[in-house]
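Here is the structure we will look at, set down as structure tokens.
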Protein chains: 2
Amino acid sequence: MRRDVFQAIADPTRRAIILLIASQAMTPNAIAEHFDTSRQAVSKHLRILTECELVKQEHNGREIYYQLEANKMKQIDKWLEQFKKIWESRFNELDKVLLTLKNKKK
Amino acid sequence: MRRDVFQAIADPTRRAIILLIASQAMTPNAIAEHFDTSRQAVSKHLRILTECELVKQEHNGREIYYQLEANKMKQIDKWLEQFKKIWESRFNELDKVLLTLKNKKK
DNA sequence: TATTTGTGCAACCAATCAGTTTCATAAATT
DNA sequence: AATTTATGAAACTGATTGGTTGCACAAATA
């Protein structure tokens, strides 16, 4: 079971759940009301999000509030960071072509 | 065929390919040498990356140089942006708990 | 105490995925 | 012209995915 953050956010429903609970913790039932899918399907998504620690449970009687663990998203941001230099500079446009040409000569 | 950026970066091999060609365009054969997998498997990954425009081809005779389309990564960054406010402030820690409590009273 | 409510979990299913093997094609080399 | 090289594409395979249905169980309510 490969359960990392990147795989977790690959599914559009899970991204929607993340966005939904970002501002307010919610129960599985409340979350499921926002989607065209069963409560159990949402529950499975929540389990995946919990396993990769993108989401945290807060028990309250028999209700379970799911809350976004926003810090975990930094992991994605950190990976993106490597490429920010590229898309922010014009390195991507010009310099890489030159590098490629240089490489071809070898 | 669900072919979006998020699904594309879900696979660890594809993330490694992205990182590999970030600084220098490469041919499929050259890329495959870096992995414990067949050239054809790499070729399939490149097709997926091309389809979601994370990667661009540059033909040169019979060789095809694959080049990172770093701009496309902004799409992921833009999605992350929504949550940056949360993990940068202490909103995540304190205020959301209050929001949740407020919600419970309803 | 009996029933309802909120939840997770297991079993199953069709679709998709990542990989392999095999083949086709076109460019470069002999 | 024949061979080698670089590549993509198709067919197949086992594993994984996202969904469903049905069940178990504990907390809340009647």
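A note on labels: chains of the structure tokens are A, B, ... as shown, every chain counts residues from 1, and ligands are counted from 1 in their shown order.
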For chain D, list the residues within 8 Å of chain B, counting only C-alpha atoms (C1' of nucleotides), and write the list as a ChimeraX atom specification.
-> /D:6-8
Could those selected residues go to a file with C-alpha atoms (C1' of nucleotides), as an mmCIF file, in the first residue's frame?
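So again.cif came out as:
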data_model
loop_
_atom_site.group_PDB
_atom_site.id
_atom_site.type_symbol
_atom_site.label_atom_id
_atom_site.label_comp_id
_atom_site.auth_asym_id
_atom_site.auth_seq_id
_atom_site.Cartn_x
_atom_site.Cartn_y
_atom_site.Cartn_z
ATOM 1 C "C1'" DA D 6 15.979 5.348 -31.353
ATOM 2 C "C1'" DT D 7 11.535 5.408 -30.678
ATOM 3 C "C1'" DG D 8 6.332 4.641 -30.216
#
Using only C-alpha atoms (C1' of nucleotides), determine which residues lie at most 12 Å from DA30 in chain D, disregarding the query and same-chain residues fewer than 4 positions distant; provide the list as a compact mmCIF listing (two decimals) with C-alpha atoms (C1' of nucleotides), in the first residue's frame.
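New file result-v5.txt:
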# COMPACT_ATOMS: atom_id res chain seq x y z
C1' DT C 1 -34.14 -1.81 27.30
C1' DA C 2 -35.14 -1.24 22.31
C1' DT C 3 -34.26 1.69 18.54
C1' DT C 4 -31.93 5.02 15.97
Dump as JSON lines the rows for residues of chain B within 6 Å of chain A: closest atom pair and distance in Å with one decimal, only C-alpha atoms counted, ordered by chain and rising residue number.
{"residue": "B:Phe6", "atom": "CA", "partner": "A:Ala10", "partner_atom": "CA", "distance": 4.8}
{"residue": "B:Gln7", "atom": "CA", "partner": "A:Ala10", "partner_atom": "CA", "distance": 4.5}
{"residue": "B:Ala10", "atom": "CA", "partner": "A:Gln7", "partner_atom": "CA", "distance": 4.5}
{"residue": "B:Ala25", "atom": "CA", "partner": "A:Thr100", "partner_atom": "CA", "distance": 5.9}
{"residue": "B:Ala70", "atom": "CA", "partner": "A:Trp87", "partner_atom": "CA", "distance": 5.4}
{"residue": "B:Asn71", "atom": "CA", "partner": "A:Trp87", "partner_atom": "CA", "distance": 5.5}
{"residue": "B:Trp87", "atom": "CA", "partner": "A:Ala70", "partner_atom": "CA", "distance": 5.3}
{"residue": "B:Thr100", "atom": "CA", "partner": "A:Ala25", "partner_atom": "CA", "distance": 5.9}
From the DSSP assignment of the backbone, select every residue of range 10-82 of chain B that is helix (DSSP H, G or I), and format the answer as a ChimeraX atom specification.
-> /B:12-22,28-32,39-51,70-82
For those residues, write N, CA and C atoms to a file as a compact mmCIF listing (two decimals), in the first residue's frame.
# COMPACT_ATOMS: atom_id res chain seq x y z
N PRO B 12 5.92 7.84 -8.34
CA PRO B 12 7.28 8.22 -7.94
C PRO B 12 8.29 8.21 -9.10
N THR B 13 8.13 7.27 -10.02
CA THR B 13 9.03 7.24 -11.18
C THR B 13 8.84 8.50 -12.02
N ARG B 14 7.58 8.91 -12.20
CA ARG B 14 7.35 10.12 -13.00
C ARG B 14 7.91 11.35 -12.30
N ARG B 15 7.80 11.39 -10.97
CA ARG B 15 8.40 12.53 -10.25
C ARG B 15 9.91 12.54 -10.44
N ALA B 16 10.51 11.35 -10.44
CA ALA B 16 11.96 11.25 -10.64
C ALA B 16 12.33 11.70 -12.05
N ILE B 17 11.52 11.34 -13.03
CA ILE B 17 11.78 11.75 -14.41
C ILE B 17 11.71 13.27 -14.51
N ILE B 18 10.68 13.84 -13.90
CA ILE B 18 10.51 15.29 -13.92
C ILE B 18 11.75 15.98 -13.36
N LEU B 19 12.21 15.47 -12.23
CA LEU B 19 13.39 16.05 -11.57
C LEU B 19 14.63 15.90 -12.44
N LEU B 20 14.71 14.75 -13.10
CA LEU B 20 15.88 14.44 -13.92
C LEU B 20 16.01 15.38 -15.11
N ILE B 21 14.88 15.64 -15.77
CA ILE B 21 14.95 16.46 -16.98
C ILE B 21 14.75 17.95 -16.68
N ALA B 22 14.60 18.28 -15.40
CA ALA B 22 14.36 19.68 -15.03
C ALA B 22 15.50 20.58 -15.48
N PRO B 28 14.51 9.52 -24.32
CA PRO B 28 13.95 8.41 -23.54
C PRO B 28 15.02 7.40 -23.14
N ASN B 29 15.91 7.07 -24.05
CA ASN B 29 16.97 6.11 -23.73
C ASN B 29 17.85 6.61 -22.58
N ALA B 30 18.25 7.86 -22.68
CA ALA B 30 19.08 8.45 -21.63
C ALA B 30 18.36 8.45 -20.29
N ILE B 31 17.07 8.75 -20.33
CA ILE B 31 16.27 8.76 -19.09
C ILE B 31 16.19 7.35 -18.50
N ALA B 32 15.92 6.38 -19.39
CA ALA B 32 15.73 5.00 -18.93
C ALA B 32 16.97 4.45 -18.23
N ARG B 39 12.97 0.65 -21.16
CA ARG B 39 12.79 1.86 -21.94
C ARG B 39 11.32 2.09 -22.26
N GLN B 40 10.61 0.98 -22.53
CA GLN B 40 9.20 1.10 -22.90
C GLN B 40 8.34 1.63 -21.75
N ALA B 41 8.70 1.22 -20.56
CA ALA B 41 7.96 1.71 -19.39
C ALA B 41 8.18 3.22 -19.24
N VAL B 42 9.44 3.64 -19.43
CA VAL B 42 9.74 5.07 -19.37
C VAL B 42 8.98 5.82 -20.46
N SER B 43 8.93 5.20 -21.63
CA SER B 43 8.22 5.79 -22.76
C SER B 43 6.75 6.03 -22.42
N LYS B 44 6.16 5.08 -21.71
CA LYS B 44 4.76 5.24 -21.30
C LYS B 44 4.60 6.38 -20.31
N HIS B 45 5.54 6.48 -19.40
CA HIS B 45 5.49 7.60 -18.45
C HIS B 45 5.60 8.93 -19.19
N LEU B 46 6.49 8.96 -20.19
CA LEU B 46 6.68 10.19 -20.94
C LEU B 46 5.42 10.57 -21.72
N ARG B 47 4.71 9.55 -22.18
CA ARG B 47 3.47 9.82 -22.90
C ARG B 47 2.44 10.48 -21.97
N ILE B 48 2.36 9.95 -20.75
CA ILE B 48 1.43 10.52 -19.76
C ILE B 48 1.83 11.95 -19.43
N LEU B 49 3.12 12.16 -19.22
CA LEU B 49 3.61 13.51 -18.90
C LEU B 49 3.37 14.47 -20.06
N THR B 50 3.51 13.96 -21.27
CA THR B 50 3.27 14.79 -22.46
C THR B 50 1.79 15.14 -22.59
N GLU B 51 0.96 14.13 -22.36
CA GLU B 51 -0.49 14.34 -22.50
C GLU B 51 -1.02 15.41 -21.54
N ALA B 70 8.03 23.59 -17.12
CA ALA B 70 7.94 23.97 -15.70
C ALA B 70 6.72 24.85 -15.40
N ASN B 71 6.29 25.60 -16.38
CA ASN B 71 5.13 26.46 -16.16
C ASN B 71 3.89 25.71 -15.72
N LYS B 72 3.78 24.49 -16.25
CA LYS B 72 2.61 23.67 -15.92
C LYS B 72 2.54 23.34 -14.43
N MET B 73 3.71 23.35 -13.80
CA MET B 73 3.77 23.03 -12.37
C MET B 73 3.11 24.12 -11.54
N LYS B 74 2.99 25.30 -12.13
CA LYS B 74 2.30 26.39 -11.43
C LYS B 74 0.89 25.97 -11.04
N GLN B 75 0.32 25.10 -11.84
CA GLN B 75 -1.04 24.64 -11.58
C GLN B 75 -1.15 23.98 -10.20
N ILE B 76 -0.13 23.20 -9.86
CA ILE B 76 -0.10 22.55 -8.55
C ILE B 76 0.12 23.62 -7.47
N ASP B 77 1.04 24.53 -7.78
CA ASP B 77 1.35 25.59 -6.83
C ASP B 77 0.12 26.43 -6.53
N LYS B 78 -0.66 26.68 -7.57
CA LYS B 78 -1.86 27.48 -7.42
C LYS B 78 -2.86 26.80 -6.50
N TRP B 79 -2.95 25.49 -6.65
CA TRP B 79 -3.86 24.73 -5.78
C TRP B 79 -3.39 24.79 -4.33
N LEU B 80 -2.08 24.68 -4.16
CA LEU B 80 -1.48 24.70 -2.82
C LEU B 80 -1.68 26.06 -2.16
N GLU B 81 -1.64 27.09 -2.98
CA GLU B 81 -1.76 28.47 -2.52
C GLU B 81 -2.93 28.65 -1.55
N GLN B 82 -4.03 27.98 -1.84
CA GLN B 82 -5.23 28.08 -1.00
C GLN B 82 -4.98 27.72 0.46
Could you please write out, as a ChimeraX atom specification, every residue of chain A that DSSP assigns to strand (DSSP E or B)?
-> /A:26,55-60,63-68
Pull out every residue of chain C that has at least one atom within 8 Å of chain B, counting only C-alpha atoms (C1' of nucleotides), and report them as a PDB file with N, CA and C atoms (P, O5', C5', C4', C3', O3' and C1' of nucleotides), in the first residue's frame.
ATOM      1  P    DA C  18       0.420   4.652 -13.257  1.00  0.00           P
ATOM      2  O5'  DA C  18       1.520   3.512 -13.249  1.00  0.00           O
ATOM      3  C5'  DA C  18       1.763   2.756 -12.079  1.00  0.00           C
ATOM      4  C4'  DA C  18       2.613   1.558 -12.453  1.00  0.00           C
ATOM      5  C3'  DA C  18       3.796   1.902 -13.366  1.00  0.00           C
ATOM      6  O3'  DA C  18       4.943   1.202 -12.913  1.00  0.00           O
ATOM      7  C1'  DA C  18       2.454   0.242 -14.376  1.00  0.00           C
ATOM      8  P    DG C  19       6.379   1.452 -13.619  1.00  0.00           P
ATOM      9  O5'  DG C  19       6.663   0.082 -14.383  1.00  0.00           O
ATOM     10  C5'  DG C  19       6.818  -1.120 -13.632  1.00  0.00           C
ATOM     11  C4'  DG C  19       6.456  -2.304 -14.487  1.00  0.00           C
ATOM     12  C3'  DG C  19       7.306  -2.505 -15.739  1.00  0.00           C
ATOM     13  O3'  DG C  19       8.423  -3.316 -15.462  1.00  0.00           O
ATOM     14  C1'  DG C  19       4.992  -2.997 -16.124  1.00  0.00           C
ATOM     15  P    DA C  26       7.734   5.135 -41.601  1.00  0.00           P
ATOM     16  O5'  DA C  26       8.699   6.340 -41.262  1.00  0.00           O
ATOM     17  C5'  DA C  26       8.710   6.926 -39.951  1.00  0.00           C
ATOM     18  C4'  DA C  26      10.135   7.137 -39.514  1.00  0.00           C
ATOM     19  C3'  DA C  26      11.073   7.566 -40.656  1.00  0.00           C
ATOM     20  O3'  DA C  26      11.843   8.662 -40.193  1.00  0.00           O
ATOM     21  C1'  DA C  26      11.998   5.765 -39.482  1.00  0.00           C
ATOM     22  P    DA C  27      12.568   9.644 -41.205  1.00  0.00           P
ATOM     23  O5'  DA C  27      14.017   9.783 -40.585  1.00  0.00           O
ATOM     24  C5'  DA C  27      14.149  10.159 -39.218  1.00  0.00           C
ATOM     25  C4'  DA C  27      15.455   9.621 -38.693  1.00  0.00           C
ATOM     26  C3'  DA C  27      16.675  10.041 -39.518  1.00  0.00           C
ATOM     27  O3'  DA C  27      17.629  10.560 -38.609  1.00  0.00           O
ATOM     28  C1'  DA C  27      16.665   7.697 -39.203  1.00  0.00           C
TER      29       DA C  27
END
Could you state the separation of CA of Val55 in chain A and C1' of DG6 in chain C in Å, given to one decimal place?
-> 18.8 Å
Close residues, range 2-5 of chain D itself excluded, 8 Å, only C-alpha atoms (C1' of nucleotides), min 2 positions apart in chain, as a list in words | DA28, DT29 and DT30 of chain C
Which polymer residues have any atom within 10 Å of an atom of DC17 in chain C, counting only C-alpha atoms (C1' of nucleotides), with same-chain residues fewer than 3 positions away left out, as a VMD selection string?
-> chain D and resid 15 to 17
Leaving out DC12 in chain D and any residue of its chain fewer than 6 positions from it, which residues lie within 12 Å of it when counting only C-alpha atoms (C1' of nucleotides), given as a ChimeraX atom specification?
-> /C:19-22
Any idea what the distance is between C1' of DA26 in chain D and C1' of DT5 in chain C?
->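 So the answer is 10.5 Å.
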